[in-house]
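Structure first, then comments.
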Amino acid sequence: MKIVLTCNIRHDESESSIEWDTPETVQSIVQALKDLGYEAWALDCGQEDVEQQLRKNRPDFVFNIAEGLSGISREAEIPILLEKLQIPYTGSAPDTLLYCLDKDKTKQILKSQGIPVPWGIVTTIPWKKIEFAEGIPYPVMLKPLYEGSSKGISNNNLVKDNDTLFKKTQALSEKWKQPILIEQFLPGREFTVALIGNPPNLKVLPIVEINFATLPKAANPIYSFEAKWIWDTVENPLDIFTCPAKLSKTLKNEIENISKKTFEVLGCRDWTRMDLRCDAAGKVNVLEVNPLPGIIPDPAANSCFPKAARAIGWDYRDLIREVLKAAMTRYQ
């Protein structure tokens, strides 16, 4: 069987391309597919004519991790093409990828189904002074609406007053050319949850907790761009994750049940990683959902999905196998 890995390969270290995958990650996935007995190769969707290549070297299956180039529909571009060409692929359908890239759309869908999410409101473009500032439940987090991998979410995006809110929101909207989500900051514990499979055979991997106490002394307790990409390096890794997280049975069940319901409500398929955080009362809320999770192979790198997989004894090849198995089973 021929399997192609559709991806966007990171050719520099700029913030704009940080959500794309490194050549090392791409090579590791291709090698894992080969080790599993498949004829496999990678297709860089940012460098080649993808449709032409797929028609010329038509694969039997696609392992999709392509994040897309730009725009609010970028993550859906390759799945839309694959459905046009009738080539089966791993991961969520275009509609789910569209919803999940829009942070506010995700929140509204989940809230409508009774899943707890933090209070939030979206600014508009062009930016205007916010008239409802008195009703904002400070402190709040500011997030570009359509970005991933903590892009645009710096350590100083946690704001506590109107003046800072106005200035920071305007600067962010001008830089990222998109609306900004103003979201209530939740002061409790934060978790990352990796899921593999499809209902009713949906597996929650060991839960990861983020240890904010390991961040630099002056840092805010958020998993910011600096925390993810600058302060935490392979050469000097932060002890930022605990996996499995130390949880009571009640809290573990609450996290798993909310994660599974979120997966189903959003129509996720095969695998997904999501971020959850507790409010002041200890109630679990969903922050964001990523149906195209990063899977950096180096154990020294703090990549949540592979870390959760290793916690149950899976190596990198096992992780790739299980994602592929879930997708292939779905097509049967």
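So you can find residues: chains in the structure tokens are A, B, ... in the order shown, residues in each start at 1, and ligands are numbered from 1 in order.
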
Write out, as JSON lines, each residue of range 245-278 of chain A that has an atom at most 7 Å from range 187-191 of chain A, together with the closest pair of atoms and their distance in Å to one decimal, counting only C-alpha atoms, rows going by chain and rising number.
{"residue": "A:Asp275", "atom": "CA", "partner": "A:Phe191", "partner_atom": "CA", "distance": 5.9}
{"residue": "A:Leu276", "atom": "CA", "partner": "A:Phe191", "partner_atom": "CA", "distance": 5.2}
{"residue": "A:Arg277", "atom": "CA", "partner": "A:Glu190", "partner_atom": "CA", "distance": 4.2}
{"residue": "A:Cys278", "atom": "CA", "partner": "A:Gly188", "partner_atom": "CA", "distance": 4.5}

Would you export the selected residues with C-alpha atoms as a PDB file, in the first residue's frame, please?
ATOM      1  CA  ASP A 275      -6.431  22.203  26.160  1.00  0.00           C
ATOM      2  CA  LEU A 276      -8.536  22.411  29.306  1.00  0.00           C
ATOM      3  CA  ARG A 277      -8.244  24.590  32.412  1.00  0.00           C
ATOM      4  CA  CYS A 278     -10.020  24.792  35.756  1.00  0.00           C
TER       5      CYS A 278
END

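Secondary structure of range 92-141 of chain A, strand (DSSP E) only (DSSP, backbone atoms): A:Gly120, A:Ile121, A:Val122, A:Val140, A:Met141.
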
May I have the residues from that selection written out with N, CA and C atoms, as an mmCIF file, in the first residue's frame?
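Everything below was put into out.cif:
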data_model
loop_
_atom_site.group_PDB
_atom_site.id
_atom_site.type_symbol
_atom_site.label_atom_id
_atom_site.label_comp_id
_atom_site.auth_asym_id
_atom_site.auth_seq_id
_atom_site.Cartn_x
_atom_site.Cartn_y
_atom_site.Cartn_z
ATOM 1 N N GLY A 120 -16.025 34.855 26.846
ATOM 2 C CA GLY A 120 -15.186 35.474 25.828
ATOM 3 C C GLY A 120 -15.998 36.346 24.894
ATOM 4 N N ILE A 121 -15.312 37.285 24.268
ATOM 5 C CA ILE A 121 -15.940 38.142 23.267
ATOM 6 C C ILE A 121 -14.879 38.496 22.231
ATOM 7 N N VAL A 122 -15.318 38.743 21.003
ATOM 8 C CA VAL A 122 -14.393 38.974 19.901
ATOM 9 C C VAL A 122 -14.451 40.432 19.475
ATOM 10 N N VAL A 140 -7.985 39.008 31.764
ATOM 11 C CA VAL A 140 -8.394 38.319 30.548
ATOM 12 C C VAL A 140 -7.168 38.016 29.692
ATOM 13 N N MET A 141 -7.323 37.001 28.842
ATOM 14 C CA MET A 141 -6.300 36.648 27.861
ATOM 15 C C MET A 141 -6.697 37.192 26.498
#

ask   = Using only C-alpha atoms, which of A:Pro59, A:Gly114, A:Gly91, A:Pro293 sits nearest Ile258 in chain A?
value =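 The closest residue to Ile258 in chain A is A:Gly114.
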
Just the residues within 10 Å of range 20-34 of chain A, please, counting only C-alpha atoms, with nothing from its chain fewer than 4 positions along; format it as a PyMOL selection string. chain A and resi 2-13+16+38-44+46+63+65-69+149+294-298+315-321+324

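Note that CA of Phe225 in chain A and CA of Tyr146 in chain A are 15.0 Å apart.
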
List as CSV every residue of range 256-292 of chain A that is in contact with range 172-186 of chain A, defined as an atom at most 12 Å from one of its atoms (using only C-alpha atoms), together with the nearest atom pair and the distance in Å rounded to one decimal, sorted by chain and then rising number.
residue,atom,partner,partner_atom,distance
A:Leu276,CA,A:Leu186,CA,10.0
A:Arg277,CA,A:Leu186,CA,6.7
A:Cys278,CA,A:Leu186,CA,6.3
A:Asp279,CA,A:Leu186,CA,4.7
A:Ala280,CA,A:Leu186,CA,6.6
A:Ala281,CA,A:Leu186,CA,9.7
A:Gly282,CA,A:Leu186,CA,9.5
A:Lys283,CA,A:Leu186,CA,9.8
A:Val284,CA,A:Leu186,CA,9.7
A:Asn285,CA,A:Leu186,CA,8.7
A:Val286,CA,A:Leu186,CA,10.6
A:Leu287,CA,A:Glu183,CA,9.3
A:Glu288,CA,A:Glu183,CA,11.5

Residue selection dump (N, CA and C atoms) as a short mmCIF file (atom, residue, chain, number, x, y, z; two decimals), in the first residue's frame:
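The result, written out as part_6.cif:
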data_model
loop_
_atom_site.label_atom_id
_atom_site.label_comp_id
_atom_site.auth_asym_id
_atom_site.auth_seq_id
_atom_site.Cartn_x
_atom_site.Cartn_y
_atom_site.Cartn_z
N LEU A 276 -7.49 22.17 28.34
CA LEU A 276 -8.54 22.41 29.31
C LEU A 276 -7.94 23.08 30.54
N ARG A 277 -8.74 23.91 31.22
CA ARG A 277 -8.24 24.59 32.41
C ARG A 277 -9.38 24.74 33.42
N CYS A 278 -9.02 24.68 34.70
CA CYS A 278 -10.02 24.79 35.76
C CYS A 278 -10.24 26.25 36.13
N ASP A 279 -11.48 26.58 36.45
CA ASP A 279 -11.79 27.93 36.93
C ASP A 279 -11.53 28.02 38.43
N ALA A 280 -11.90 29.13 39.03
CA ALA A 280 -11.60 29.35 40.45
C ALA A 280 -12.28 28.33 41.35
N ALA A 281 -13.39 27.76 40.88
CA ALA A 281 -14.10 26.76 41.67
C ALA A 281 -13.64 25.33 41.38
N GLY A 282 -12.66 25.19 40.47
CA GLY A 282 -12.15 23.87 40.14
C GLY A 282 -12.90 23.18 39.03
N LYS A 283 -13.83 23.87 38.37
CA LYS A 283 -14.60 23.28 37.28
C LYS A 283 -13.79 23.31 35.99
N VAL A 284 -13.79 22.20 35.27
CA VAL A 284 -13.00 22.06 34.05
C VAL A 284 -13.68 22.77 32.89
N ASN A 285 -12.91 23.60 32.17
CA ASN A 285 -13.39 24.30 30.97
C ASN A 285 -12.50 23.92 29.78
N VAL A 286 -13.07 23.92 28.60
CA VAL A 286 -12.30 23.70 27.38
C VAL A 286 -11.80 25.04 26.85
N LEU A 287 -10.50 25.14 26.61
CA LEU A 287 -9.92 26.36 26.06
C LEU A 287 -9.85 26.31 24.54
N GLU A 288 -9.18 25.28 24.01
CA GLU A 288 -8.98 25.17 22.56
C GLU A 288 -8.93 23.71 22.16
#

A straight line from CA of Thr242 in chain A to CA of Ile210 in chain A spans 6.6 Å

Option closest in space to Gly267 in chain A, from A:Tyr223, A:Glu322, A:Arg58, A:Asn198 [counting only C-alpha atoms]
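Closest to Gly267 in chain A of all the choices is A:Asn198.
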
The residue from A:Ala327, A:Cys304, A:Leu202, A:Ile222 with the smallest atom-to-atom distance to Asn155 in chain A, counting only C-alpha atoms, is A:Ile222

(Q) Ranking A:Lys246, A:Lys325, A:Lys56, A:Lys160 by minimum distance to Asn201 in chain A and counting only C-alpha atoms, which one comes first? (A)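 Using only C-alpha atoms, the shortest distance to Asn201 in chain A belongs to A:Lys325.
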
Residues within 12 Å of Ala300 in chain A, please, as a ChimeraX atom specification. Count only C-alpha atoms; anything in the same chain fewer than 3 positions from it doesn't count. /A:232-241,296-297,303-304,306-307

Keeping C-alpha atoms, export the residues of the selection given above as a PDB file, in the first residue's frame.
ATOM      1  CA  ASP A 232      11.735  25.631  26.591  1.00  0.00           C
ATOM      2  CA  THR A 233      14.379  24.152  24.267  1.00  0.00           C
ATOM      3  CA  VAL A 234      15.763  20.692  23.532  1.00  0.00           C
ATOM      4  CA  GLU A 235      19.131  21.861  24.853  1.00  0.00           C
ATOM      5  CA  ASN A 236      17.613  23.292  28.060  1.00  0.00           C
ATOM      6  CA  PRO A 237      14.152  21.735  28.469  1.00  0.00           C
ATOM      7  CA  LEU A 238      11.767  22.990  31.119  1.00  0.00           C
ATOM      8  CA  ASP A 239      10.240  20.418  33.424  1.00  0.00           C
ATOM      9  CA  ILE A 240       6.922  21.845  32.355  1.00  0.00           C
ATOM     10  CA  PHE A 241       4.788  18.720  31.888  1.00  0.00           C
ATOM     11  CA  ILE A 296       7.652  16.185  17.523  1.00  0.00           C
ATOM     12  CA  PRO A 297       9.541  12.872  17.737  1.00  0.00           C
ATOM     13  CA  SER A 303       5.573  17.655  22.563  1.00  0.00           C
ATOM     14  CA  CYS A 304       2.371  16.678  24.366  1.00  0.00           C
ATOM     15  CA  PRO A 306       4.059  11.843  21.867  1.00  0.00           C
ATOM     16  CA  LYS A 307       4.637  12.366  25.604  1.00  0.00           C
TER      17      LYS A 307
END

Query raised in the report: Per DSSP on the backbone, what are the helix (DSSP H, G or I) residues of range 15-198 of chain A, as a PyMOL selection string?
Result: chain A and resi 15-17+23-35+50-56+74-85+94-101+103-112+133-135+155-157+162-176

Which residue out of A:Lys249, A:Arg74, A:Lys261, A:Lys217 has the minimum interatomic distance to Ile109 in chain A when only C-alpha atoms are used?
->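 Checking each of A:Lys249, A:Arg74, A:Lys261, A:Lys217 against Ile109 in chain A, counting only C-alpha atoms, the winner is A:Lys261.
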
Selection: 8 Å around Pro221 in chain A, only C-alpha atoms, excl. self and same-chain fewer than 3 positions, as JSON, numbers by chain
{"A": [212, 213, 215]}
